[in-house]
Amino acid sequence: MTEAAELPPAPEVARTVFGERFPDVVRYGELLADTGVRRGLIGPREVPRLWERHLLNCAVLSEVVPEGVTVCDVGSGAGLPGIPLALVRPDLKITLLEPLLRRTNFLGEVVELLGLDHVNVVRGRAEEVLGSLPPVHVVTARAVAPLDRLAGWGVPLLRPYGEMLALKGDTAEQEVRSAGAALNKLGAVETSVLRVGEGLVDPPATVVRVEVGESPGGVRFAAKRAKAARVGRTRRRR
């Protein structure tokens with residue numbers, strides 16, 4: 001079992017970003033540094049930079065998430081970016097989607113401990129919940145996969161005219177160029193690279209925004225969603 005570490009003191013900016021939920025994000029950070037490390041959800045080397053690289057970096061994603069929408073955090077892992085986003089945005093309805101049991105167990109514990117009534121934890125892969133999970137306005141993701149593969153999982157979960165927001169690093173522009181053809185096939189109508197958290201995190205967080213039209217996922221996924229919906233209606237009638 002990996003040895004836990006201690007959460008570093010919070011930078012003053014964390015109080016500004018999280019406001020009245022600051023005590024809750026501290027508790028979450030302590031859980032990541034302790035239980036998260038022990039269970040192998042994050043590496044012990046990440047603990048010293050939990051505030052800057054993880055908690056704050058994810059929270060500033062809220063700058064580009066519309067008000068009052070539904071969100072699915074794909075491959076949520078230890079809850080990044082979903083949990084920090086939920087702490088700063090109680091107006092959102094967030095689903096944390098994660099296939100691994102040990103991670104969903106941890107997410108469920110965090111949601112209950114912090115009283116995040118607007119957050120739901122679902123165990124499964126994106127391709128498995130297509131048709132059973134209601135389409136959402138926004139899909140979020142962080143450090144899950146290259147953009148073309150990530151879009152193949154996340155975009156089909158969107159409602160028409162929804163958007164995927166992926167936290168990326170220095171290779172964001174390169175990934176956008178490389179994924180162009182794949183994004184077009186998935187029904188993307190516009191892709192852009194945004195910087196969020198100016199003056200709050202250094203460097204600002206990089207977000208790739210993929211906006212879709214009336215057929216998220218393209219024709220193939222539209223047919224798959226319709227089939228899944230028919231199967232779901234049949235099961236409910238039985």
# chains A, B, ... in the order shown; residues from 1 in each chain; ligands from 1

$ residues_around --residues "A:Met164" --least-positions-apart "5" --cutoff "6 Å" --atoms "only C-alpha atoms" --output "list in words"
Val138, Val139, Thr140, Arg209 and Val210 of chain A

$ residues_around --residues "A:Glu6" --least-positions-apart "4" --cutoff "12 Å" --atoms "only C-alpha atoms" --output "PDB file with N, CA, C and O atoms, in the first residue's frame"
ATOM      1  N   ALA A  10      -3.157  25.744   1.975  1.00  0.00           N
ATOM      2  CA  ALA A  10      -3.843  26.313   0.811  1.00  0.00           C
ATOM      3  C   ALA A  10      -3.307  27.695   0.497  1.00  0.00           C
ATOM      4  O   ALA A  10      -3.104  28.508   1.398  1.00  0.00           O
ATOM      5  N   VAL A  26     -10.795  21.867   1.184  1.00  0.00           N
ATOM      6  CA  VAL A  26      -9.688  21.428   2.037  1.00  0.00           C
ATOM      7  C   VAL A  26      -9.895  19.973   2.444  1.00  0.00           C
ATOM      8  O   VAL A  26      -8.959  19.161   2.401  1.00  0.00           O
ATOM      9  N   ARG A  27     -11.100  19.632   2.832  1.00  0.00           N
ATOM     10  CA  ARG A  27     -11.400  18.236   3.220  1.00  0.00           C
ATOM     11  C   ARG A  27     -11.191  17.302   2.037  1.00  0.00           C
ATOM     12  O   ARG A  27     -10.632  16.213   2.196  1.00  0.00           O
ATOM     13  N   GLY A  29      -9.184  17.815  -0.512  1.00  0.00           N
ATOM     14  CA  GLY A  29      -7.745  17.729  -0.723  1.00  0.00           C
ATOM     15  C   GLY A  29      -7.086  16.791   0.265  1.00  0.00           C
ATOM     16  O   GLY A  29      -6.180  16.016  -0.091  1.00  0.00           O
ATOM     17  N   GLU A  30      -7.528  16.831   1.518  1.00  0.00           N
ATOM     18  CA  GLU A  30      -6.986  15.921   2.536  1.00  0.00           C
ATOM     19  C   GLU A  30      -7.301  14.467   2.192  1.00  0.00           C
ATOM     20  O   GLU A  30      -6.464  13.576   2.386  1.00  0.00           O
ATOM     21  N   LEU A  31      -8.492  14.239   1.670  1.00  0.00           N
ATOM     22  CA  LEU A  31      -8.857  12.873   1.259  1.00  0.00           C
ATOM     23  C   LEU A  31      -7.996  12.404   0.088  1.00  0.00           C
ATOM     24  O   LEU A  31      -7.563  11.242   0.056  1.00  0.00           O
ATOM     25  N   LEU A  32      -7.758  13.290  -0.873  1.00  0.00           N
ATOM     26  CA  LEU A  32      -6.891  12.923  -1.990  1.00  0.00           C
ATOM     27  C   LEU A  32      -5.486  12.576  -1.505  1.00  0.00           C
ATOM     28  O   LEU A  32      -4.880  11.597  -1.961  1.00  0.00           O
ATOM     29  N   ALA A  33      -4.960  13.392  -0.591  1.00  0.00           N
ATOM     30  CA  ALA A  33      -3.602  13.191  -0.100  1.00  0.00           C
ATOM     31  C   ALA A  33      -3.480  11.935   0.759  1.00  0.00           C
ATOM     32  O   ALA A  33      -2.404  11.319   0.812  1.00  0.00           O
ATOM     33  N   ASP A  34      -4.551  11.555   1.404  1.00  0.00           N
ATOM     34  CA  ASP A  34      -4.528  10.390   2.288  1.00  0.00           C
ATOM     35  C   ASP A  34      -5.128   9.162   1.603  1.00  0.00           C
ATOM     36  O   ASP A  34      -4.418   8.336   1.043  1.00  0.00           O
ATOM     37  N   THR A  35      -6.452   9.101   1.605  1.00  0.00           N
ATOM     38  CA  THR A  35      -7.140   7.947   1.020  1.00  0.00           C
ATOM     39  C   THR A  35      -6.828   7.795  -0.464  1.00  0.00           C
ATOM     40  O   THR A  35      -6.638   6.685  -0.958  1.00  0.00           O
ATOM     41  N   GLY A  36      -6.781   8.915  -1.192  1.00  0.00           N
ATOM     42  CA  GLY A  36      -6.512   8.860  -2.628  1.00  0.00           C
ATOM     43  C   GLY A  36      -5.168   8.244  -2.942  1.00  0.00           C
ATOM     44  O   GLY A  36      -5.031   7.461  -3.886  1.00  0.00           O
ATOM     45  N   VAL A  37      -4.162   8.600  -2.167  1.00  0.00           N
ATOM     46  CA  VAL A  37      -2.832   8.024  -2.370  1.00  0.00           C
ATOM     47  C   VAL A  37      -2.809   6.558  -1.951  1.00  0.00           C
ATOM     48  O   VAL A  37      -2.271   5.701  -2.650  1.00  0.00           O
ATOM     49  N   PRO A  44       1.770   9.757  -5.076  1.00  0.00           N
ATOM     50  CA  PRO A  44       2.243  10.566  -3.941  1.00  0.00           C
ATOM     51  C   PRO A  44       3.004  11.808  -4.370  1.00  0.00           C
ATOM     52  O   PRO A  44       3.016  12.812  -3.645  1.00  0.00           O
ATOM     53  N   ARG A  45       3.611  11.791  -5.550  1.00  0.00           N
ATOM     54  CA  ARG A  45       4.338  12.973  -6.023  1.00  0.00           C
ATOM     55  C   ARG A  45       3.404  14.120  -6.393  1.00  0.00           C
ATOM     56  O   ARG A  45       3.853  15.260  -6.549  1.00  0.00           O
ATOM     57  N   GLU A  46       2.113  13.824  -6.554  1.00  0.00           N
ATOM     58  CA  GLU A  46       1.157  14.878  -6.902  1.00  0.00           C
ATOM     59  C   GLU A  46       0.694  15.661  -5.683  1.00  0.00           C
ATOM     60  O   GLU A  46       0.144  16.752  -5.826  1.00  0.00           O
ATOM     61  N   VAL A  47       0.889  15.123  -4.496  1.00  0.00           N
ATOM     62  CA  VAL A  47       0.367  15.768  -3.288  1.00  0.00           C
ATOM     63  C   VAL A  47       0.936  17.172  -3.081  1.00  0.00           C
ATOM     64  O   VAL A  47       0.174  18.109  -2.794  1.00  0.00           O
ATOM     65  N   PRO A  48       2.241  17.400  -3.220  1.00  0.00           N
ATOM     66  CA  PRO A  48       2.751  18.763  -3.010  1.00  0.00           C
ATOM     67  C   PRO A  48       2.163  19.804  -3.958  1.00  0.00           C
ATOM     68  O   PRO A  48       2.188  21.000  -3.648  1.00  0.00           O
ATOM     69  N   ARG A  49       1.660  19.375  -5.100  1.00  0.00           N
ATOM     70  CA  ARG A  49       1.106  20.334  -6.056  1.00  0.00           C
ATOM     71  C   ARG A  49      -0.400  20.159  -6.262  1.00  0.00           C
ATOM     72  O   ARG A  49      -0.946  20.539  -7.289  1.00  0.00           O
ATOM     73  N   LEU A  50      -1.052  19.597  -5.243  1.00  0.00           N
ATOM     74  CA  LEU A  50      -2.495  19.379  -5.348  1.00  0.00           C
ATOM     75  C   LEU A  50      -3.258  20.683  -5.564  1.00  0.00           C
ATOM     76  O   LEU A  50      -4.187  20.734  -6.373  1.00  0.00           O
TER      77      LEU A  50
END

$ select_by_dssp --residues "stretch 112-225 of chain A" --states "alpha helix (DSSP H)" --output "number ranges by chain"
A: 112-114, 126-129, 147-154, 172-178, 180-185, 218-225

$ atom_distance --atom1 "atom CA of A:Val207" --atom2 "atom CA of A:Leu183"
15.8 Å

$ closest_residue --among "A:Ile94, A:Ile42, A:Glu109, A:Thr104" --to "A:Val65" --atoms "only C-alpha atoms"
A:Ile94
